[in-house]
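Notes for the one structure printed next.
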Amino acid sequence: MVNGGKRMDNQKDSVQTAKTAILNTFANCISLVVGMIMIPIITRVLSVSQMGIANTFISTRNTMVIIITCAVYAYVHRAMIEFKNEKKSYLFSVVLFCFVAVGVAFCICSIFKAPLMKLLSLDNFLFYWLFISCLGFALYSIADYYCIFENKYYIVTAIVLSVGPVSQFLSVGLSYVFYNNKYIGRVIGLDFVYLVVSVCLLIWFMTGARPKFETKYVKRTLGFTFPIIPHLLSQMVLTQCDLLMISYFCGNEKSGIYSMGHTVGFLALTVMSQIMASWSPWVYRRMEEKDLTSIYTNSKLMIMIGGYISMGLLTISTELIKIFLTKDYLPCIYIVPILVVAMFFQFVYIFVYDLEFYQKKAMYIATASIIAALFNLVTNYIFIPRYGYISAGFTTLASYFVLLLVNYCFGIKLGINKVYDIKRFCLWTVFIALYAVICVGLKNAIVIRYGIFVVITIVLLAVKAKDLLRLVKSLR
């Protein structure tokens with residue numbers, strides 16, 4: 001009876017996780033559609049240079065929030081298992097830590113305001129907004145991770161729709177309000193929902209049982225997140241180093257073009273990451289129960305979904321760029337396929353990361369990311385000045401391959417071959433790379449390109465029909 005009850009609980013958990021993943025993905029698809037519709041508007045409202053300033057600020061924020069808060073939000077999923085009977089007090093403790101950390105950072109940085117503004121390319125407004133943005137993003141991340149772990153799918157869906165469409169509309173509207181400094185409107189609009197979610201989180205603490213601050217929660221969290229700060233910073237290098245180096249070597253205009261290609265290339269990963277946001281906590285719960293068979297079996301479907309999403313973007317990317325972007329952005333036709341493959345590598349890496357994260361192998365995670373980041377820095381420094389900004393796509397692709405390869409080597413020590421079907425992962429990786437080459441070669445042959453995609457869709461549906469029907473049936 002005990003085992004039967006456990007199986008029922010696991011099945012219920014899997015269904016709830018599937019619902020969260022599906023609704024999350026659906027909401028992200030809506031956000032992506034709105035985002036693509038907004039791209040031609042944004043590129044006409046903001047100049048290429050202003051777009052570069054806004055993107056640089058977001059990159060700076062993403063880096064500074066890791067340093068200032070020690071990325072305590074990254075431990076929430078693991079903490080929900082570790083402190084399963086003290087969740088609210090745990091969240092309250094790390095939120096309070098974020099307030100103190102940002103306050104201390106602001107006081108220190110204010111002393112060195114002038115050199116920091118020059119170093120980080122900030123004007124007076126962006127300097128002050130940086131700290132508000134960091135706090136809002138940290139609290140939003142804590143709330144989002146908690147809701148995903150608890151499978152609060154309606155809340156997660158509302159958050160995704162707010163962060164996507166609502167932020168995009170606000171960023172454009174506020175760009176007109178700040179007519180002389182449109183990048184300020186862009187930045188505030190993109191951050192607005194983070195601040196709203198943060199306020200909702202604080203209101204939640206005031207309702208029901210009052211949580212208590214406990215230093216043990218902060219100490220345990222920092223004990224894990226502090227060693228992985230190099231990993232998180234290295235991840236920022238992998239995603240943002242190319243933009244910064246293109247700005248330095250090629251100018252803000254080329255950086256603006258590449259950043260838009262970056263945006264389109266990341267569309268598939270955006271959807272896949274939201275699916276993995278629900279998958280990862282589910283994996284941690286199954287690992288806690290030593291149920292590796294479920295992970296091994298379901299990961300096959302997950303890698304197929306990720307591959308199919310990547311193929312979809314590769315198929316339509318040429319038309320997306322021609323329809324939604326101006327002629328200035330046509331070079332993105334060659335940039336996007338390279339980045340889509342790189343992002344598929346990043347998607348596969350998340351599977352390995354989950355295993356390392358659950359087993360608290362912070363040094364494995366950090367070491368691999370540092371190696372990949374250094375590789376990215378060196379190759380960008382060598383190739384961008386010689387071959388131009390498009391070469392940054394190839395250096396990014398190579399860097400993510402290095403990241404995946406090094407982490408897999410560490411994963412062997414953790415028994416990764418017992419958790420995932422590695423041969424299948426490798427086959428999908430090679431297939432996506434070949435498909436990208438085919439799509440670039442057929443960029444002007446729209447009928448053939450879409451025909452190939454339809455045939456692949458039919459084949460995958462035929463092969464995975466039983467699994468998909470079982471999933472639909474369980475959701476009912």
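Convention: chains lettered A, B, ... in structure tokens order; per-chain residue numbering from 1; ligands numbered from 1 as shown.
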Counting only C-alpha atoms, what are the residues of stretch 204-314 of chain A within 9 Å of stretch 347-370 of chain A, and for each of them which pair of atoms is the nearest and at what distance in Å, to one decimal? Sort the table by chain and rising number, as a tab-separated table.
```
residue	atom	partner	partner_atom	distance
A:Phe224	CA	A:Ala362	CA	6.7
A:Thr225	CA	A:Ala362	CA	7.9
A:Phe226	CA	A:Ala362	CA	8.9
A:Pro227	CA	A:Ala362	CA	6.1
A:Ile228	CA	A:Ala366	CA	5.3
A:Ile229	CA	A:Ala366	CA	7.5
A:Pro230	CA	A:Ala366	CA	5.6
A:His231	CA	A:Ala366	CA	4.1
A:Leu232	CA	A:Ala366	CA	7.8
A:Leu233	CA	A:Ile370	CA	8.4
A:Ser234	CA	A:Ser369	CA	5.5
A:Gln235	CA	A:Ser369	CA	6.5
A:Leu238	CA	A:Ser369	CA	8.7
A:Leu269	CA	A:Phe347	CA	6.8
A:Met272	CA	A:Phe347	CA	7.0
A:Ser273	CA	A:Phe347	CA	7.3
A:Met276	CA	A:Ile350	CA	7.8
A:Ser280	CA	A:Asp354	CA	6.4
A:Pro281	CA	A:Asp354	CA	8.9
A:Val283	CA	A:Asp354	CA	7.6
A:Tyr284	CA	A:Tyr358	CA	6.3
A:Met287	CA	A:Tyr358	CA	8.0
A:Glu288	CA	A:Tyr358	CA	8.8
A:Ser299	CA	A:Phe351	CA	8.5
A:Ile303	CA	A:Val348	CA	7.5
A:Gly306	CA	A:Phe347	CA	7.4
```
Which residues are near A:Tyr194? Cut-off 6 Å, only C-alpha atoms, ignore same chain within fewer than 3 positions. Put them as a ChimeraX atom specification.
/A:136-137,140,191,197
Would you export the selected residues with N, CA, C and O atoms as an mmCIF file, in the first residue's frame, please?
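This went into part_26.cif:
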```cif
data_model
loop_
_atom_site.group_PDB
_atom_site.id
_atom_site.type_symbol
_atom_site.label_atom_id
_atom_site.label_comp_id
_atom_site.auth_asym_id
_atom_site.auth_seq_id
_atom_site.Cartn_x
_atom_site.Cartn_y
_atom_site.Cartn_z
ATOM 1 N N GLY A 136 14.760 44.013 -7.944
ATOM 2 C CA GLY A 136 13.536 43.514 -8.559
ATOM 3 C C GLY A 136 13.740 42.182 -9.256
ATOM 4 O O GLY A 136 12.937 41.257 -9.109
ATOM 5 N N PHE A 137 14.849 42.056 -9.987
ATOM 6 C CA PHE A 137 15.122 40.817 -10.712
ATOM 7 C C PHE A 137 15.375 39.660 -9.751
ATOM 8 O O PHE A 137 14.910 38.536 -9.978
ATOM 9 N N TYR A 140 12.022 38.700 -8.086
ATOM 10 C CA TYR A 140 11.203 38.045 -9.101
ATOM 11 C C TYR A 140 11.669 36.606 -9.324
ATOM 12 O O TYR A 140 10.842 35.681 -9.416
ATOM 13 N N ASP A 191 11.713 46.133 -16.987
ATOM 14 C CA ASP A 191 11.878 45.821 -15.561
ATOM 15 C C ASP A 191 10.585 45.927 -14.757
ATOM 16 O O ASP A 191 10.517 45.452 -13.622
ATOM 17 N N VAL A 197 5.989 41.759 -9.493
ATOM 18 C CA VAL A 197 6.071 40.423 -8.886
ATOM 19 C C VAL A 197 6.758 40.504 -7.527
ATOM 20 O O VAL A 197 6.355 39.819 -6.575
#
```
Residue nearest A:Leu174 among A:Val45, A:Gly256, A:Asn380, A:Val160 (counting only C-alpha atoms):
A:Val45
For the structure I just gave you, how does DSSP split stretch 201-248 of chain A - specifically, which residues are alpha helix (DSSP H)? Reply as a ChimeraX atom specification.
/A:201-206,215-248
Point-to-point distance from atom CA of A:Gly451 to atom CA of A:Leu314, Å rounded to tenths:
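These atoms are spaced 13.3 Å apart.
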Show me a table, sorted first by chain and then by increasing residue number, of the residues of stretch 274-341 of chain A having an atom at most 8 Å from stretch 147-158 of chain A, each with its shortest atom pair and the distance in Å to one decimal, counting only C-alpha atoms and written as a Markdown table.
```
| residue | atom | partner | partner_atom | distance |
| --- | --- | --- | --- | --- |
| A:Ala277 | CA | A:Ile148 | CA | 6.9 |
| A:Ser278 | CA | A:Ile148 | CA | 6.0 |
| A:Pro281 | CA | A:Phe149 | CA | 5.7 |
| A:Trp282 | CA | A:Phe149 | CA | 7.9 |
```
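Comparing A:Gly265, A:Gly223, A:Gly173, A:Pro331 by their smallest distance to A:Met311, the closest is A:Gly265 (using only C-alpha atoms).
Candidate residues A:Val218, A:Ala433, A:Phe131, A:Thr379 were compared for distance to A:Arg61, and the nearest is A:Phe131, using only C-alpha atoms.
Distances here use only C-alpha atoms; by that measure, the residue among A:Val430, A:Met260, A:Leu201, A:Ile184 closest to A:Phe125 is A:Ile184.
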Tell me, as a list in words, which residues lie within 9 Å of A:Phe192, counting only C-alpha atoms; anything in the same chain fewer than 3 positions away does not count.
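What passes the distance filter is Ser133, Gly136, Val163, Ser167, Leu170, Ser171, Val187, Ile188, Gly189, Leu195, Val196 and Val197 of chain A.
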Name all residues at most 10 Å from A:Met80 (count only C-alpha atoms; drop same-chain ones fewer than 5 positions away) and give them as a list in words.
Tyr75, Asn85, Glu86, Lys87, Lys88, Tyr90, Leu91, Tyr145, Tyr146, Phe149, Glu150, Pro281 and Arg285 of chain A
Could you turn the residues from that selection into a file that holds all heavy atoms, as a compact mmCIF listing (two decimals), in the first residue's frame?
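For reference, again_9.txt as written:
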```
# COMPACT_ATOMS: atom_id res chain seq x y z
N TYR A 75 19.38 28.80 -5.72
CA TYR A 75 19.31 27.63 -4.83
C TYR A 75 17.88 27.29 -4.44
O TYR A 75 17.64 26.30 -3.74
CB TYR A 75 20.14 27.89 -3.57
CG TYR A 75 20.42 26.65 -2.74
CD1 TYR A 75 21.22 25.63 -3.24
CD2 TYR A 75 19.88 26.50 -1.47
CE1 TYR A 75 21.48 24.49 -2.49
CE2 TYR A 75 20.14 25.37 -0.71
CZ TYR A 75 20.94 24.37 -1.23
OH TYR A 75 21.20 23.24 -0.48
N ASN A 85 9.54 21.67 4.93
CA ASN A 85 8.56 22.05 5.96
C ASN A 85 8.74 23.49 6.45
O ASN A 85 8.05 23.93 7.38
CB ASN A 85 8.64 21.09 7.15
CG ASN A 85 8.29 19.66 6.76
OD1 ASN A 85 7.38 19.44 5.97
ND2 ASN A 85 9.03 18.69 7.30
N GLU A 86 9.69 24.21 5.84
CA GLU A 86 9.99 25.57 6.28
C GLU A 86 10.14 26.51 5.08
O GLU A 86 10.95 27.43 5.10
CB GLU A 86 11.29 25.57 7.11
CG GLU A 86 11.35 24.51 8.19
CD GLU A 86 12.78 24.21 8.62
OE1 GLU A 86 13.39 25.11 9.23
OE2 GLU A 86 13.27 23.11 8.36
N LYS A 87 9.35 26.28 4.05
CA LYS A 87 9.54 26.98 2.78
C LYS A 87 9.37 28.49 2.90
O LYS A 87 10.17 29.26 2.38
CB LYS A 87 8.58 26.42 1.74
CG LYS A 87 8.87 24.97 1.36
CD LYS A 87 7.83 24.42 0.40
CE LYS A 87 8.12 22.97 0.07
NZ LYS A 87 7.08 22.38 -0.81
N LYS A 88 8.31 28.92 3.58
CA LYS A 88 8.02 30.35 3.64
C LYS A 88 9.10 31.09 4.41
O LYS A 88 9.53 32.19 4.01
CB LYS A 88 6.65 30.59 4.29
CG LYS A 88 6.12 32.00 4.07
CD LYS A 88 4.67 32.12 4.48
CE LYS A 88 4.10 33.49 4.17
NZ LYS A 88 2.66 33.60 4.53
N TYR A 90 12.18 30.13 4.73
CA TYR A 90 13.38 30.13 3.90
C TYR A 90 13.34 31.27 2.88
O TYR A 90 14.30 32.04 2.75
CB TYR A 90 13.54 28.80 3.16
CG TYR A 90 14.64 28.85 2.13
CD1 TYR A 90 15.96 28.66 2.50
CD2 TYR A 90 14.37 29.15 0.79
CE1 TYR A 90 16.99 28.75 1.56
CE2 TYR A 90 15.38 29.24 -0.15
CZ TYR A 90 16.68 29.04 0.25
OH TYR A 90 17.69 29.16 -0.68
N LEU A 91 12.22 31.38 2.17
CA LEU A 91 12.09 32.42 1.15
C LEU A 91 12.20 33.80 1.77
O LEU A 91 12.85 34.70 1.21
CB LEU A 91 10.75 32.27 0.41
CG LEU A 91 10.57 30.99 -0.41
CD1 LEU A 91 9.16 30.90 -0.95
CD2 LEU A 91 11.58 30.93 -1.55
N TYR A 145 10.89 30.85 -9.24
CA TYR A 145 11.41 29.51 -8.95
C TYR A 145 10.49 28.77 -7.98
O TYR A 145 10.23 27.58 -8.13
CB TYR A 145 12.81 29.58 -8.35
CG TYR A 145 13.91 29.83 -9.37
CD1 TYR A 145 14.93 30.73 -9.12
CD2 TYR A 145 13.93 29.14 -10.57
CE1 TYR A 145 15.93 30.96 -10.04
CE2 TYR A 145 14.93 29.36 -11.50
CZ TYR A 145 15.93 30.27 -11.23
OH TYR A 145 16.92 30.48 -12.16
N TYR A 146 9.99 29.48 -6.98
CA TYR A 146 9.10 28.86 -5.99
C TYR A 146 7.80 28.40 -6.65
O TYR A 146 7.35 27.27 -6.42
CB TYR A 146 8.80 29.84 -4.86
CG TYR A 146 7.68 29.38 -3.95
CD1 TYR A 146 7.88 28.34 -3.05
CD2 TYR A 146 6.42 29.97 -4.01
CE1 TYR A 146 6.85 27.90 -2.22
CE2 TYR A 146 5.39 29.53 -3.19
CZ TYR A 146 5.61 28.50 -2.31
OH TYR A 146 4.58 28.07 -1.50
N PHE A 149 8.40 25.35 -8.82
CA PHE A 149 8.64 24.14 -8.03
C PHE A 149 7.34 23.61 -7.46
O PHE A 149 7.11 22.40 -7.43
CB PHE A 149 9.62 24.44 -6.89
CG PHE A 149 10.00 23.20 -6.10
CD1 PHE A 149 11.10 22.45 -6.48
CD2 PHE A 149 9.25 22.79 -5.01
CE1 PHE A 149 11.45 21.30 -5.78
CE2 PHE A 149 9.59 21.64 -4.30
CZ PHE A 149 10.70 20.90 -4.69
N GLU A 150 6.47 24.49 -7.02
CA GLU A 150 5.20 24.09 -6.41
C GLU A 150 4.12 23.81 -7.45
O GLU A 150 2.97 23.52 -7.10
CB GLU A 150 4.72 25.19 -5.45
CG GLU A 150 5.60 25.38 -4.23
CD GLU A 150 5.60 24.17 -3.32
OE1 GLU A 150 4.51 23.66 -3.01
OE2 GLU A 150 6.70 23.72 -2.93
N PRO A 281 12.90 20.76 -11.43
CA PRO A 281 12.41 20.40 -10.08
C PRO A 281 11.84 18.98 -10.03
O PRO A 281 11.98 18.29 -9.02
CB PRO A 281 11.32 21.44 -9.81
CG PRO A 281 11.64 22.58 -10.71
CD PRO A 281 12.25 21.97 -11.92
N ARG A 285 13.08 15.90 -7.57
CA ARG A 285 12.18 15.10 -6.72
C ARG A 285 12.33 13.61 -7.03
O ARG A 285 12.29 12.77 -6.12
CB ARG A 285 10.73 15.55 -6.92
CG ARG A 285 10.45 16.95 -6.39
CD ARG A 285 8.96 17.25 -6.33
NE ARG A 285 8.38 17.46 -7.64
CZ ARG A 285 8.28 18.65 -8.24
NH1 ARG A 285 8.75 19.73 -7.64
NH2 ARG A 285 7.71 18.77 -9.43
```
Which residues, written as a list in words, have at least one atom at most 12 Å from A:Cys109, with only C-alpha atoms counted and residues fewer than 5 positions away on the same chain left out?
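Counting only C-alpha atoms, the residues come to Met64, Ile68, Val102, Gly103, Val104, Ala114, Pro115, Leu116, Met117, Leu120, Phe127, Tyr128, Leu130 and Phe131 of chain A.
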Distance query A:Ile382 at most 10 Å, only C-alpha atoms, self and fewer than 5 positions along chain excluded, as a list of chain:residue names:
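These residues fall inside the cut-off: A:Asn376, A:Leu377, A:Tyr387, A:Ser391, A:Thr395.
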Print the selection's residues with C-alpha atoms to a file, as a PDB file, in the first residue's frame.
```pdb
ATOM      1  CA  ASN A 376      34.925  32.322 -25.554  1.00  0.00           C
ATOM      2  CA  LEU A 377      36.932  35.374 -24.490  1.00  0.00           C
ATOM      3  CA  TYR A 387      36.673  38.343 -39.513  1.00  0.00           C
ATOM      4  CA  SER A 391      32.379  35.284 -36.477  1.00  0.00           C
ATOM      5  CA  THR A 395      32.891  31.358 -31.314  1.00  0.00           C
TER       6      THR A 395
END
```
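Residue nearest A:Val72 within the list A:Val94, A:Ile22, A:Ile458, A:Ile338: A:Val94 [criterion: smallest interatomic distance, only C-alpha atoms].
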Pick the closest to A:Val406 from A:Ala372, A:Ser247, A:Val340, A:Leu202: which is it, counting only C-alpha atoms?
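Answer, going by the shortest atom-to-atom distance: A:Ala372.
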Could you please determine the separation between atom CA of A:Trp129 and atom CA of A:Tyr183 in Å, to one decimal place?
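So the two atoms, atom CA of A:Trp129 and atom CA of A:Tyr183, lie 12.6 Å apart.
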